[in-house]
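Novice: The following block contains the structure, expressed as structure tokens.
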Amino acid sequence: MTDLAQLARCEQQMVLDRQFGKQRPPARERLARAGEAEHRRHDRLARQYQGQGRGRARDARCFVASAVYGESAWQTDVLRDWRDRVLMRLWFGRVLISLYYRLSPTGVRWLAPRPRVTAAVRSILDGLVARVVRSDKREKS
Amino acid sequence: MMDPMIILALIVLVVVALIGERFRRTGRRAEWLRREGMPEELRTAKLVASEQHYRCQKPVALSGTPDQVYRLPEGALVVVDTKRRPRAQVYDADIAQLSIYRVLLAAQKAFRGQPLAAYGYVRLVTPEGVVYRRVELWDTARVVVLHRRYWALRDGRDTPTGAEMAGLCRWCGHRERCGLAR
């Protein structure tokens with residue numbers, strides 16, 4: 001769910017998410033992961049049986065950004081987009097991504113109970129997101 | 001030199017295998033559609049986007065990844081959003097989400113001139129199976145109001161309200177520090 005739609009659920013949660021990072025109890029985290037798996041499965045089957053059969057399902061993983069912003073936040077999408085458009089084209093980018101996938105689940109587990117570190121990681125990622133958005137705008141203009 | 005009969009037999013075998021695979025695929029598709037319980041109009045619609053990321057600047061800056069976008073035979077685009085829930089229940093936030101996607105799609109060059117349906121579907125995955133719920137969407141003006149509210153809260157110009165349903169607070173990780181938790 002995007003931050004904007006989140007307002008219709010609870011405004012206070014959106015504000016606290018921004019301040020302290022997404023804080024979800026383990027049971028909710030498990031549900032969210034199951035939800036992501038369902039999205040990937042349905043994406044694959046819908047493409048296979050209803051049209052875009054040749055298209056590969058988009059890799060929705062982006063562990064640290066998902067933990068900091070939420071799995072469907074626009075910032076997470078910007079970073080996924082950047083991974084697919086820029087990093088995946090370069091051999092060292094692909095190596096970086098595969099290393100990131102190996103290490104980041106452990107990092108995310110470590111981050112979860114540390115809101116201050118999460119906020120620090122968020123400010124670093126905010127900088128990266130802002131750079132990506134700026135460079136996208138330059139490319140388009 | 002290979003016997004022409006053997007070559008013919010191989011060709012027949014390949015053709016039979018291809019036909020068999022085609023039937024198997026058709027059967028699998030029918031089985032999937034049956035399990036999905038998809039509304040008739042979506043069964044015959046064309047999937048035009050799945051998990052595709054979009055951004056727009058007007059009418060307001062939005063970004064998002066609609067789960068699926070279908071084009072109905074009569075041309076209108078319909079958005080579908082999946083939710084995994086213990087019960088087949090639709091919330092205001094689901095309608096807000098689909099309405100945001102609708103505004104986002106209307107701003108895309110790729111869909112320019114194509115009508116967008118005033119409704120969407122929430123695809124609910126429950127322990128009992130999959131259910132599609134048709135919902136009427138908000139108009140653009142209401143999405144713009146939500147967007148303004150979002151920035152007013154982010155910039156600290158407004159005070160946030162708490163959740164309307166106590167059930168949401170039970171699942172919230174900020175419960176201890178919230179002050180508005182129920």
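Just remember, in the structure tokens the first chain shown is A, the second B, etc., residues are 1-based per chain, and ligands are 1-based in the order shown.
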For the structure I just gave you, how does DSSP split region 59-155 of chain B - specifically, which residues are alpha helix (DSSP H)? Reply as a PyMOL selection string.

Specialist: chain B and resi 92-106+140-154

Novice: Let's have the selection written as a compact mmCIF listing (two decimals), in the first residue's frame, with C-alpha atoms.

Specialist:
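So the final result, stored in out14.txt, reads:
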# COMPACT_ATOMS: atom_id res chain seq x y z
CA ASP B 92 -11.54 2.59 2.43
CA ALA B 93 -7.76 2.38 2.01
CA ASP B 94 -8.25 -0.23 -0.78
CA ILE B 95 -10.58 2.14 -2.62
CA ALA B 96 -8.13 5.01 -2.06
CA GLN B 97 -5.32 2.86 -3.46
CA LEU B 98 -7.23 1.93 -6.63
CA SER B 99 -8.36 5.55 -7.10
CA ILE B 100 -4.74 6.75 -6.87
CA TYR B 101 -3.74 4.19 -9.53
CA ARG B 102 -6.58 5.38 -11.75
CA VAL B 103 -5.37 9.00 -11.59
CA LEU B 104 -1.81 7.79 -12.19
CA LEU B 105 -2.81 5.78 -15.28
CA ALA B 106 -4.91 8.65 -16.69
CA THR B 140 -9.58 12.92 -9.33
CA ALA B 141 -10.55 15.88 -7.11
CA ARG B 142 -10.82 13.62 -4.06
CA VAL B 143 -7.41 12.06 -4.75
CA VAL B 144 -5.94 15.58 -5.01
CA VAL B 145 -7.47 16.47 -1.62
CA LEU B 146 -5.90 13.31 -0.11
CA HIS B 147 -2.56 14.28 -1.62
CA ARG B 148 -2.75 17.78 -0.10
CA ARG B 149 -3.61 16.28 3.28
CA TYR B 150 -0.62 13.93 2.99
CA TRP B 151 1.80 16.82 2.47
CA ALA B 152 0.16 18.91 5.20
CA LEU B 153 0.78 16.02 7.62
CA ARG B 154 4.30 15.39 6.37

Novice: At most 9 Å is the cut-off: for each residue in chain A with any atom that close to an atom of chain B, write down the nearest atom pair and the distance in Å rounded to one decimal, counting only C-alpha atoms, chain first then increasing number, as a Markdown table.

Specialist:
| residue | atom | partner | partner_atom | distance |
| --- | --- | --- | --- | --- |
| A:Met1 | CA | B:Gln97 | CA | 7.0 |
| A:Thr2 | CA | B:Gly64 | CA | 7.1 |
| A:Asp3 | CA | B:Tyr150 | CA | 8.3 |
| A:Leu4 | CA | B:Tyr150 | CA | 6.4 |
| A:Ala5 | CA | B:Gln97 | CA | 5.0 |
| A:Gln6 | CA | B:Ala93 | CA | 6.3 |
| A:Leu7 | CA | B:Tyr150 | CA | 7.2 |
| A:Ala8 | CA | B:Ala93 | CA | 4.8 |
| A:Arg9 | CA | B:Ala93 | CA | 5.6 |
| A:Cys10 | CA | B:Ala163 | CA | 4.4 |
| A:Glu11 | CA | B:Pro160 | CA | 5.1 |
| A:Gln12 | CA | B:Pro160 | CA | 5.1 |
| A:Gln13 | CA | B:His174 | CA | 7.2 |
| A:Met14 | CA | B:Arg154 | CA | 8.6 |
| A:Val15 | CA | B:Arg154 | CA | 6.7 |
| A:Leu16 | CA | B:His174 | CA | 7.0 |
| A:Asp17 | CA | B:His174 | CA | 8.1 |
| A:Arg18 | CA | B:Arg154 | CA | 8.2 |
| A:Phe20 | CA | B:His174 | CA | 8.7 |
| A:Lys22 | CA | B:Gly173 | CA | 7.7 |
| A:Gln23 | CA | B:Gly173 | CA | 4.6 |
| A:Arg24 | CA | B:Gly173 | CA | 4.5 |
| A:Pro25 | CA | B:Gly173 | CA | 5.5 |
| A:Ala27 | CA | B:Trp171 | CA | 8.3 |
| A:Arg28 | CA | B:Trp171 | CA | 6.6 |
| A:Leu31 | CA | B:Arg84 | CA | 8.1 |
| A:Ala32 | CA | B:Arg84 | CA | 8.6 |
| A:Ala34 | CA | B:Arg84 | CA | 8.0 |
| A:Gly35 | CA | B:Arg84 | CA | 5.7 |
| A:Glu38 | CA | B:Arg84 | CA | 7.8 |
| A:His39 | CA | B:Thr82 | CA | 7.0 |
| A:Arg40 | CA | B:Glu51 | CA | 8.6 |
| A:His42 | CA | B:Thr82 | CA | 8.8 |
| A:Asp43 | CA | B:Ser50 | CA | 6.1 |
| A:Arg44 | CA | B:Ser50 | CA | 8.8 |
| A:Leu45 | CA | B:Trp32 | CA | 8.3 |
| A:Ala46 | CA | B:Leu47 | CA | 7.6 |
| A:Arg47 | CA | B:Ser50 | CA | 7.3 |
| A:Gln48 | CA | B:Arg29 | CA | 8.7 |
| A:Tyr49 | CA | B:Arg29 | CA | 5.9 |
| A:Gln50 | CA | B:Leu47 | CA | 5.7 |
| A:Gly51 | CA | B:Leu47 | CA | 5.4 |
| A:Gln52 | CA | B:Leu47 | CA | 7.0 |
| A:Ala57 | CA | B:Glu51 | CA | 7.9 |
| A:Arg58 | CA | B:Glu51 | CA | 6.8 |
| A:Ala60 | CA | B:Glu51 | CA | 8.8 |
| A:Ser72 | CA | B:Gly64 | CA | 7.4 |
| A:Ala73 | CA | B:Gly64 | CA | 7.5 |
| A:Trp74 | CA | B:Ser63 | CA | 5.5 |
| A:Gln75 | CA | B:Ser63 | CA | 8.8 |
| A:Asp77 | CA | B:His53 | CA | 6.9 |
| A:Val78 | CA | B:His53 | CA | 8.5 |
| A:Asp81 | CA | B:His53 | CA | 7.6 |

Novice: Report as a VMD selection string all protein, DNA and RNA residues lying within 12 Å of Trp110 (chain A), evaluated on only C-alpha atoms, omitting residues in the same chain fewer than 6 positions from it.

Specialist: chain A and resid 64 67 103 to 104 117 to 118

Novice: Distance CA of Val79 (chain B)-CA of Met88 (chain A), one decimal place?

Specialist: 28.7 Å

Novice: Please extract the residues of chain B with a backbone DSSP assignment of strand (DSSP E or B) and present them as a VMD selection string.

Specialist: chain B and resid 46 to 50 54 to 56 62 to 64 68 to 71 77 to 84 116 119 to 126 129 to 136

Novice: Save out the residues we just selected, C-alpha atoms, as a PDB file, in the first residue's frame.

Specialist:
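Here's the written file selection_28.pdb:
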ATOM      1  CA  LYS B  46      -6.611  -8.183 -22.204  1.00  0.00           C
ATOM      2  CA  LEU B  47      -3.924  -7.765 -19.579  1.00  0.00           C
ATOM      3  CA  VAL B  48      -2.072  -4.576 -20.553  1.00  0.00           C
ATOM      4  CA  ALA B  49       0.170  -4.169 -17.500  1.00  0.00           C
ATOM      5  CA  SER B  50       1.179  -6.238 -14.505  1.00  0.00           C
ATOM      6  CA  TYR B  54       4.321   4.456 -13.137  1.00  0.00           C
ATOM      7  CA  ARG B  55       4.986   8.045 -12.147  1.00  0.00           C
ATOM      8  CA  CYS B  56       3.242  11.320 -12.931  1.00  0.00           C
ATOM      9  CA  LEU B  62       2.144  10.385  -7.788  1.00  0.00           C
ATOM     10  CA  SER B  63       3.983   7.125  -8.108  1.00  0.00           C
ATOM     11  CA  GLY B  64       2.902   3.538  -7.783  1.00  0.00           C
ATOM     12  CA  GLN B  68      -2.829  -5.476 -12.900  1.00  0.00           C
ATOM     13  CA  VAL B  69      -4.433  -3.259 -15.544  1.00  0.00           C
ATOM     14  CA  TYR B  70      -6.909  -4.816 -17.989  1.00  0.00           C
ATOM     15  CA  ARG B  71      -8.396  -3.465 -21.201  1.00  0.00           C
ATOM     16  CA  LEU B  77      -9.081   0.235 -18.643  1.00  0.00           C
ATOM     17  CA  VAL B  78      -9.774  -1.443 -15.287  1.00  0.00           C
ATOM     18  CA  VAL B  79      -7.348  -1.641 -12.356  1.00  0.00           C
ATOM     19  CA  VAL B  80      -7.088  -4.668 -10.067  1.00  0.00           C
ATOM     20  CA  ASP B  81      -5.340  -4.674  -6.680  1.00  0.00           C
ATOM     21  CA  THR B  82      -4.608  -7.838  -4.685  1.00  0.00           C
ATOM     22  CA  LYS B  83      -4.996  -8.056  -0.908  1.00  0.00           C
ATOM     23  CA  ARG B  84      -4.365 -11.104   1.243  1.00  0.00           C
ATOM     24  CA  LEU B 116     -10.639   4.527 -17.547  1.00  0.00           C
ATOM     25  CA  TYR B 119     -14.646   1.296 -10.888  1.00  0.00           C
ATOM     26  CA  GLY B 120     -11.930  -1.189 -10.088  1.00  0.00           C
ATOM     27  CA  TYR B 121     -11.583  -4.607  -8.485  1.00  0.00           C
ATOM     28  CA  VAL B 122     -10.063  -5.603  -5.180  1.00  0.00           C
ATOM     29  CA  ARG B 123      -8.816  -9.188  -5.560  1.00  0.00           C
ATOM     30  CA  LEU B 124      -9.078 -10.697  -2.098  1.00  0.00           C
ATOM     31  CA  VAL B 125      -7.048 -13.819  -1.386  1.00  0.00           C
ATOM     32  CA  THR B 126      -8.622 -15.493   1.641  1.00  0.00           C
ATOM     33  CA  GLY B 129     -10.285 -18.859  -1.981  1.00  0.00           C
ATOM     34  CA  VAL B 130     -10.043 -15.843  -4.262  1.00  0.00           C
ATOM     35  CA  VAL B 131     -12.848 -13.266  -4.428  1.00  0.00           C
ATOM     36  CA  TYR B 132     -13.075 -10.236  -6.734  1.00  0.00           C
ATOM     37  CA  ARG B 133     -14.969  -7.261  -5.272  1.00  0.00           C
ATOM     38  CA  ARG B 134     -16.011  -4.458  -7.601  1.00  0.00           C
ATOM     39  CA  VAL B 135     -15.670  -1.013  -6.010  1.00  0.00           C
ATOM     40  CA  GLU B 136     -16.618   2.464  -7.224  1.00  0.00           C
TER      41      GLU B 136
END

Novice: What gap, in Å, lies between CA of Leu72 (chain B) and CA of Leu137 (chain B)?

Specialist: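 Atom-to-atom, CA of Leu72 (chain B) to CA of Leu137 (chain B), that is 17.1 Å.
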
Novice: Could you tell me which of A:Leu111, A:Leu79, A:Val68, A:Val133 comes closest to Ile97 (chain A) if we count only C-alpha atoms?

Specialist: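 Closest candidate: A:Leu79.
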
Novice: To one decimal place, how far is CA of Ala120 (chain A) from CA of Phe63 (chain A) in Å?

Specialist: 16.1 Å
